[in-house]
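What follows is model-v7.pdb (PDB, C-alpha atoms, pLDDT in the B column).
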```pdb
ATOM      1  CA  MET W 234     -94.547 120.096  -2.202  1.00 89.00           C
ATOM      2  CA  HIS W 235     -98.104 120.935  -1.235  1.00 96.00           C
ATOM      3  CA  ILE W 236     -99.681 124.053   0.243  1.00 98.00           C
ATOM      4  CA  THR W 237    -102.601 123.815   2.651  1.00 98.00           C
ATOM      5  CA  LEU W 238    -104.686 126.619   4.080  1.00 98.00           C
ATOM      6  CA  LEU W 239    -105.806 125.319   7.471  1.00 97.00           C
ATOM      7  CA  THR W 240    -108.634 127.282   9.078  1.00 95.00           C
ATOM      8  CA  MET W 241    -110.457 127.067  12.355  1.00 92.00           C
ATOM      9  CA  GLY W 242    -114.168 127.167  11.619  1.00 87.00           C
ATOM     10  CA  LYS W 243    -115.969 127.118   8.314  1.00 86.00           C
ATOM     11  CA  THR W 244    -117.002 130.321   6.640  1.00 86.00           C
ATOM     12  CA  ASP W 245    -120.684 131.148   6.670  1.00 85.00           C
ATOM     13  CA  VAL W 246    -120.290 134.231   4.472  1.00 89.00           C
ATOM     14  CA  SER W 247    -121.146 133.212   0.913  1.00 93.00           C
ATOM     15  CA  TRP W 248    -119.114 135.894  -0.884  1.00 94.00           C
ATOM     16  CA  VAL W 249    -116.046 135.034   1.214  1.00 92.00           C
ATOM     17  CA  ALA W 250    -116.472 131.374   0.293  1.00 93.00           C
ATOM     18  CA  GLU W 251    -116.891 132.257  -3.389  1.00 96.00           C
ATOM     19  CA  GLY W 252    -113.749 134.387  -3.408  1.00 95.00           C
ATOM     20  CA  LEU W 253    -111.776 131.676  -1.655  1.00 95.00           C
ATOM     21  CA  LYS W 254    -113.019 129.080  -4.126  1.00 96.00           C
ATOM     22  CA  MET W 255    -112.027 131.296  -7.066  1.00 97.00           C
ATOM     23  CA  TYR W 256    -108.454 131.827  -5.855  1.00 97.00           C
ATOM     24  CA  ALA W 257    -108.102 128.171  -4.840  1.00 97.00           C
ATOM     25  CA  SER W 258    -109.025 127.149  -8.399  1.00 97.00           C
ATOM     26  CA  ARG W 259    -106.364 129.506  -9.738  1.00 97.00           C
ATOM     27  CA  LEU W 260    -103.684 128.332  -7.309  1.00 97.00           C
ATOM     28  CA  VAL W 261    -103.835 124.703  -8.402  1.00 96.00           C
ATOM     29  CA  HIS W 262    -102.268 125.786 -11.710  1.00 96.00           C
ATOM     30  CA  TYR W 263     -99.072 126.573  -9.787  1.00 97.00           C
ATOM     31  CA  VAL W 264     -98.931 124.153  -6.877  1.00 97.00           C
ATOM     32  CA  PRO W 265    -101.001 121.413  -5.283  1.00 97.00           C
ATOM     33  CA  PHE W 266    -103.260 123.470  -2.991  1.00 98.00           C
ATOM     34  CA  SER W 267    -105.996 122.499  -0.576  1.00 97.00           C
ATOM     35  CA  ILE W 268    -108.162 124.091   2.064  1.00 96.00           C
ATOM     36  CA  ASN W 269    -108.796 122.289   5.338  1.00 96.00           C
ATOM     37  CA  GLU W 270    -111.624 124.001   7.193  1.00 94.00           C
ATOM     38  CA  ILE W 271    -111.997 122.517  10.650  1.00 94.00           C
ATOM     39  CA  PRO W 272    -115.584 122.870  11.859  1.00 90.00           C
ATOM     40  CA  SER W 273    -116.147 125.135  14.844  1.00 84.00           C
ATOM     41  CA  LEU W 274    -116.049 123.242  18.104  1.00 85.00           C
ATOM     42  CA  LYS W 275    -119.344 122.382  19.749  1.00 84.00           C
ATOM     43  CA  GLY W 276    -120.299 123.131  23.336  1.00 83.00           C
ATOM     44  CA  THR W 277    -117.838 125.966  23.812  1.00 79.00           C
ATOM     45  CA  GLY W 278    -120.244 128.738  24.790  1.00 81.00           C
ATOM     46  CA  SER W 279    -119.228 128.693  28.452  1.00 87.00           C
ATOM     47  CA  LEU W 280    -115.478 128.583  27.791  1.00 89.00           C
ATOM     48  CA  SER W 281    -113.163 131.537  28.272  1.00 90.00           C
ATOM     49  CA  ALA W 282    -111.160 132.751  25.276  1.00 90.00           C
ATOM     50  CA  ASP W 283    -108.052 130.966  26.600  1.00 93.00           C
ATOM     51  CA  GLN W 284    -109.950 127.717  27.156  1.00 93.00           C
ATOM     52  CA  LEU W 285    -111.389 127.905  23.644  1.00 92.00           C
ATOM     53  CA  LYS W 286    -107.945 128.546  22.128  1.00 92.00           C
ATOM     54  CA  THR W 287    -106.585 125.518  24.005  1.00 94.00           C
ATOM     55  CA  ARG W 288    -109.373 123.281  22.652  1.00 93.00           C
ATOM     56  CA  GLU W 289    -108.839 124.638  19.140  1.00 94.00           C
ATOM     57  CA  ALA W 290    -105.083 124.097  19.470  1.00 96.00           C
ATOM     58  CA  ALA W 291    -105.550 120.355  20.004  1.00 95.00           C
ATOM     59  CA  VAL W 292    -107.532 120.079  16.775  1.00 96.00           C
ATOM     60  CA  LEU W 293    -105.234 122.325  14.749  1.00 97.00           C
ATOM     61  CA  LEU W 294    -102.095 120.518  15.875  1.00 97.00           C
ATOM     62  CA  LYS W 295    -103.598 117.152  14.895  1.00 97.00           C
ATOM     63  CA  ALA W 296    -104.048 118.503  11.379  1.00 97.00           C
ATOM     64  CA  VAL W 297    -100.347 119.179  10.783  1.00 98.00           C
ATOM     65  CA  LYS W 298     -97.555 116.687  10.293  1.00 97.00           C
ATOM     66  CA  PRO W 299     -94.189 116.930  12.046  1.00 96.00           C
ATOM     67  CA  SER W 300     -92.525 117.444   8.655  1.00 97.00           C
ATOM     68  CA  ASP W 301     -94.779 120.368   7.636  1.00 98.00           C
ATOM     69  CA  THR W 302     -93.600 123.959   7.637  1.00 98.00           C
ATOM     70  CA  VAL W 303     -96.309 125.727   9.637  1.00 98.00           C
ATOM     71  CA  ILE W 304     -96.881 129.444   9.170  1.00 98.00           C
ATOM     72  CA  LEU W 305     -99.465 131.213  11.320  1.00 98.00           C
ATOM     73  CA  LEU W 306    -101.415 134.129   9.944  1.00 96.00           C
ATOM     74  CA  ASP W 307    -101.061 136.339  12.982  1.00 94.00           C
ATOM     75  CA  GLU W 308    -101.254 140.051  13.695  1.00 90.00           C
ATOM     76  CA  HIS W 309     -97.771 139.914  15.251  1.00 92.00           C
ATOM     77  CA  GLY W 310     -96.183 138.211  12.257  1.00 95.00           C
ATOM     78  CA  GLU W 311     -93.792 139.483   9.623  1.00 96.00           C
ATOM     79  CA  GLU W 312     -95.243 141.954   7.133  1.00 96.00           C
ATOM     80  CA  TYR W 313     -94.223 141.943   3.489  1.00 97.00           C
ATOM     81  CA  THR W 314     -94.981 143.765   0.301  1.00 96.00           C
ATOM     82  CA  SER W 315     -96.468 141.487  -2.335  1.00 96.00           C
ATOM     83  CA  VAL W 316     -93.071 141.168  -4.021  1.00 96.00           C
ATOM     84  CA  GLY W 317     -91.404 140.528  -0.656  1.00 97.00           C
ATOM     85  CA  PHE W 318     -93.947 137.847   0.142  1.00 97.00           C
ATOM     86  CA  ALA W 319     -93.325 136.210  -3.246  1.00 97.00           C
ATOM     87  CA  ASP W 320     -89.612 136.107  -2.427  1.00 97.00           C
ATOM     88  CA  ARG W 321     -90.281 134.634   1.018  1.00 97.00           C
ATOM     89  CA  LEU W 322     -92.657 132.069  -0.496  1.00 97.00           C
ATOM     90  CA  GLN W 323     -89.958 131.032  -2.954  1.00 97.00           C
ATOM     91  CA  ARG W 324     -87.553 130.381  -0.077  1.00 96.00           C
ATOM     92  CA  TRP W 325     -90.156 128.265   1.739  1.00 96.00           C
ATOM     93  CA  LEU W 326     -90.850 126.335  -1.466  1.00 95.00           C
ATOM     94  CA  SER W 327     -87.136 125.781  -2.034  1.00 95.00           C
ATOM     95  CA  ALA W 328     -86.959 123.896   1.262  1.00 95.00           C
ATOM     96  CA  GLY W 329     -89.103 121.195  -0.370  1.00 93.00           C
ATOM     97  CA  LYS W 330     -91.474 120.745   2.563  1.00 96.00           C
ATOM     98  CA  ASN W 331     -95.232 120.953   2.600  1.00 97.00           C
ATOM     99  CA  LEU W 332     -96.411 124.396   3.676  1.00 98.00           C
ATOM    100  CA  VAL W 333     -99.380 124.826   5.995  1.00 98.00           C
ATOM    101  CA  PHE W 334    -100.708 128.341   6.496  1.00 98.00           C
ATOM    102  CA  VAL W 335    -102.987 128.488   9.540  1.00 98.00           C
ATOM    103  CA  ILE W 336    -105.822 130.892  10.283  1.00 95.00           C
ATOM    104  CA  GLY W 337    -107.014 130.550  13.858  1.00 93.00           C
ATOM    105  CA  GLY W 338    -110.373 131.189  15.416  1.00 89.00           C
ATOM    106  CA  ALA W 339    -111.762 134.535  16.522  1.00 85.00           C
ATOM    107  CA  PHE W 340    -109.439 134.728  19.542  1.00 90.00           C
ATOM    108  CA  GLY W 341    -106.222 133.681  17.796  1.00 91.00           C
ATOM    109  CA  PHE W 342    -103.840 130.910  18.838  1.00 96.00           C
ATOM    110  CA  ALA W 343    -102.933 129.138  22.065  1.00 97.00           C
ATOM    111  CA  PRO W 344     -99.284 129.081  23.187  1.00 97.00           C
ATOM    112  CA  GLU W 345     -98.832 125.475  22.011  1.00 97.00           C
ATOM    113  CA  VAL W 346     -99.724 126.478  18.443  1.00 98.00           C
ATOM    114  CA  TYR W 347     -97.181 129.307  18.558  1.00 98.00           C
ATOM    115  CA  ALA W 348     -94.615 126.810  19.868  1.00 98.00           C
ATOM    116  CA  ARG W 349     -95.217 124.502  16.874  1.00 98.00           C
ATOM    117  CA  ALA W 350     -95.102 127.270  14.276  1.00 98.00           C
ATOM    118  CA  ASP W 351     -92.134 127.774  12.000  1.00 97.00           C
ATOM    119  CA  GLY W 352     -93.104 131.381  11.360  1.00 97.00           C
ATOM    120  CA  LYS W 353     -95.784 134.031  11.577  1.00 97.00           C
ATOM    121  CA  LEU W 354     -97.164 136.166   8.775  1.00 97.00           C
ATOM    122  CA  SER W 355     -99.229 139.326   9.129  1.00 96.00           C
ATOM    123  CA  LEU W 356    -101.332 140.588   6.249  1.00 94.00           C
ATOM    124  CA  SER W 357    -101.790 144.006   7.842  1.00 90.00           C
ATOM    125  CA  LYS W 358    -101.392 145.913  11.083  1.00 86.00           C
ATOM    126  CA  MET W 359    -105.170 146.194  11.057  1.00 87.00           C
ATOM    127  CA  THR W 360    -107.296 143.369  12.374  1.00 82.00           C
ATOM    128  CA  ALA W 361    -109.570 141.597   9.907  1.00 83.00           C
ATOM    129  CA  SER W 362    -112.246 138.981  10.336  1.00 83.00           C
ATOM    130  CA  HIS W 363    -110.732 135.491  10.538  1.00 78.00           C
ATOM    131  CA  GLN W 364    -113.230 134.515   7.844  1.00 84.00           C
ATOM    132  CA  LEU W 365    -112.346 137.351   5.475  1.00 90.00           C
ATOM    133  CA  VAL W 366    -108.614 136.702   5.900  1.00 92.00           C
ATOM    134  CA  ARG W 367    -109.069 133.403   4.036  1.00 94.00           C
ATOM    135  CA  THR W 368    -109.895 135.113   0.772  1.00 95.00           C
ATOM    136  CA  ILE W 369    -107.401 137.938   1.240  1.00 95.00           C
ATOM    137  CA  PHE W 370    -104.614 135.454   1.914  1.00 97.00           C
ATOM    138  CA  ALA W 371    -105.577 133.198  -1.006  1.00 97.00           C
ATOM    139  CA  GLU W 372    -105.459 136.226  -3.305  1.00 97.00           C
ATOM    140  CA  GLN W 373    -102.023 137.216  -1.986  1.00 97.00           C
ATOM    141  CA  LEU W 374    -100.786 133.655  -2.429  1.00 98.00           C
ATOM    142  CA  TYR W 375    -102.059 133.664  -6.008  1.00 97.00           C
ATOM    143  CA  ARG W 376    -100.455 137.079  -6.564  1.00 97.00           C
ATOM    144  CA  ALA W 377     -97.146 135.753  -5.247  1.00 97.00           C
ATOM    145  CA  PHE W 378     -97.155 132.889  -7.740  1.00 97.00           C
ATOM    146  CA  THR W 379     -97.911 135.238 -10.631  1.00 97.00           C
ATOM    147  CA  ILE W 380     -94.994 137.422  -9.516  1.00 97.00           C
ATOM    148  CA  LEU W 381     -92.685 134.398  -9.344  1.00 97.00           C
ATOM    149  CA  LYS W 382     -93.778 133.298 -12.818  1.00 96.00           C
ATOM    150  CA  GLY W 383     -93.497 136.816 -14.278  1.00 95.00           C
ATOM    151  CA  GLU W 384     -97.179 136.837 -15.240  1.00 94.00           C
ATOM    152  CA  PRO W 385     -99.110 140.085 -15.746  1.00 91.00           C
ATOM    153  CA  TYR W 386    -101.334 140.155 -12.656  1.00 90.00           C
ATOM    154  CA  HIS W 387     -99.334 142.272 -10.228  1.00 84.00           C
ATOM    155  CA  ASN W 388     -98.712 145.881 -11.220  1.00 81.00           C
ATOM    156  CA  GLU W 389     -95.846 147.743  -9.676  1.00 74.00           C
TER     157      GLU W 389
END
```

Spell out the structure here as structure tokens.
Amino acid sequence: MHITLLTMGKTDVSWVAEGLKMYASRLVHYVPFSINEIPSLKGTGSLSADQLKTREAAVLLKAVKPSDTVILLDEHGEEYTSVGFADRLQRWLSAGKNLVFVIGGAFGFAPEVYARADGKLSLSKMTASHQLVRTIFAEQLYRAFTILKGEPYHNE
């Protein structure tokens, strides 16, 4: 069982990268965890949003295996409390498959990525930067593991 955070584009915001690195270092105490940042595509300036999403989809879909459970971080996904997310994470982990959480580019996902997904997760009804979401999600993932282990990080 391995968890991957798959992102479209690398972050160029240093404090976002530092936060992500901090939570990634904490997560490896609970589960094998990695971050796969796919570099932004080149020569896309003249593409429409839909064309760009289609090009990104090809790269994202190459990065997942048929056996992976793929969960998209998407504004139309399921919303959970932190405890609810911990419970949902436990059920995904119990399936014994590798989990890949995917953060798309600035315009979201193409239909073929939605078709491949096993689920969608929303962190909030509000929209956040696709770069900032990396750190927010990593913190929530870390929080979920501390909840599952009964560790004193989450206060309720």

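What the PyMOL selection byres ((chain W and resi 335) around 7) matches in the given file is Leu238, Leu239, Thr240, Ile304, Leu305, Leu306, Val333, Phe334, Ile336 and Gly337 of chain W.
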
- [ ] Find the spatial neighbours of range 357-368 of chain W, counting all atoms listed in the file, within a cut-off of 12 Å - ignore same-chain residues fewer than 3 positions away - and output them as a PyMOL selection string.
- [x] chain W and resi 237-257+268-270+305-315+334-342+354+371-375

Output C-alpha atoms of each residue in that selection to a file, as a CSV table (one decimal), in the coordinates of the input.
```csv
chain,number,residue,atom,x,y,z
W,237,THR,CA,-102.6,123.8,2.7
W,238,LEU,CA,-104.7,126.6,4.1
W,239,LEU,CA,-105.8,125.3,7.5
W,240,THR,CA,-108.6,127.3,9.1
W,241,MET,CA,-110.5,127.1,12.4
W,242,GLY,CA,-114.2,127.2,11.6
W,243,LYS,CA,-116.0,127.1,8.3
W,244,THR,CA,-117.0,130.3,6.6
W,245,ASP,CA,-120.7,131.1,6.7
W,246,VAL,CA,-120.3,134.2,4.5
W,247,SER,CA,-121.1,133.2,0.9
W,248,TRP,CA,-119.1,135.9,-0.9
W,249,VAL,CA,-116.0,135.0,1.2
W,250,ALA,CA,-116.5,131.4,0.3
W,251,GLU,CA,-116.9,132.3,-3.4
W,252,GLY,CA,-113.7,134.4,-3.4
W,253,LEU,CA,-111.8,131.7,-1.7
W,254,LYS,CA,-113.0,129.1,-4.1
W,255,MET,CA,-112.0,131.3,-7.1
W,256,TYR,CA,-108.5,131.8,-5.9
W,257,ALA,CA,-108.1,128.2,-4.8
W,268,ILE,CA,-108.2,124.1,2.1
W,269,ASN,CA,-108.8,122.3,5.3
W,270,GLU,CA,-111.6,124.0,7.2
W,305,LEU,CA,-99.5,131.2,11.3
W,306,LEU,CA,-101.4,134.1,9.9
W,307,ASP,CA,-101.1,136.3,13.0
W,308,GLU,CA,-101.3,140.1,13.7
W,309,HIS,CA,-97.8,139.9,15.3
W,310,GLY,CA,-96.2,138.2,12.3
W,311,GLU,CA,-93.8,139.5,9.6
W,312,GLU,CA,-95.2,142.0,7.1
W,313,TYR,CA,-94.2,141.9,3.5
W,314,THR,CA,-95.0,143.8,0.3
W,315,SER,CA,-96.5,141.5,-2.3
W,334,PHE,CA,-100.7,128.3,6.5
W,335,VAL,CA,-103.0,128.5,9.5
W,336,ILE,CA,-105.8,130.9,10.3
W,337,GLY,CA,-107.0,130.6,13.9
W,338,GLY,CA,-110.4,131.2,15.4
W,339,ALA,CA,-111.8,134.5,16.5
W,340,PHE,CA,-109.4,134.7,19.5
W,341,GLY,CA,-106.2,133.7,17.8
W,342,PHE,CA,-103.8,130.9,18.8
W,354,LEU,CA,-97.2,136.2,8.8
W,371,ALA,CA,-105.6,133.2,-1.0
W,372,GLU,CA,-105.5,136.2,-3.3
W,373,GLN,CA,-102.0,137.2,-2.0
W,374,LEU,CA,-100.8,133.7,-2.4
W,375,TYR,CA,-102.1,133.7,-6.0
```

### Task
Quote the spacing between CA of Lys353 in chain W and CA of Val303 in chain W in Å to one decimal place.
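Spanning CA of Lys353 in chain W to CA of Val303 in chain W is a straight-line distance of 8.5 Å.
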
Practice prompt. Kindly indicate which residue among W:Asn388, W:Ser267, W:Ser273, W:Ser258 lies nearest to Asn331 in chain W, using only C-alpha atoms for the distances.
Written response: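 Closest to Asn331 in chain W, using only C-alpha atoms: W:Ser267.
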
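CA of Asp320 in chain W lies 26.6 Å from CA of Ala296 in chain W.
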
Quiz prompt | the PyMOL selection byres ((chain W and resi 378) around 9) resolved against shown file, as a list in words | solution = Leu260, Tyr263, Val264, Ala319, Leu322, Gln323, Gln373, Leu374, Tyr375, Arg376, Ala377, Thr379, Ile380, Leu381, Lys382, Gly383 and Glu384 of chain W
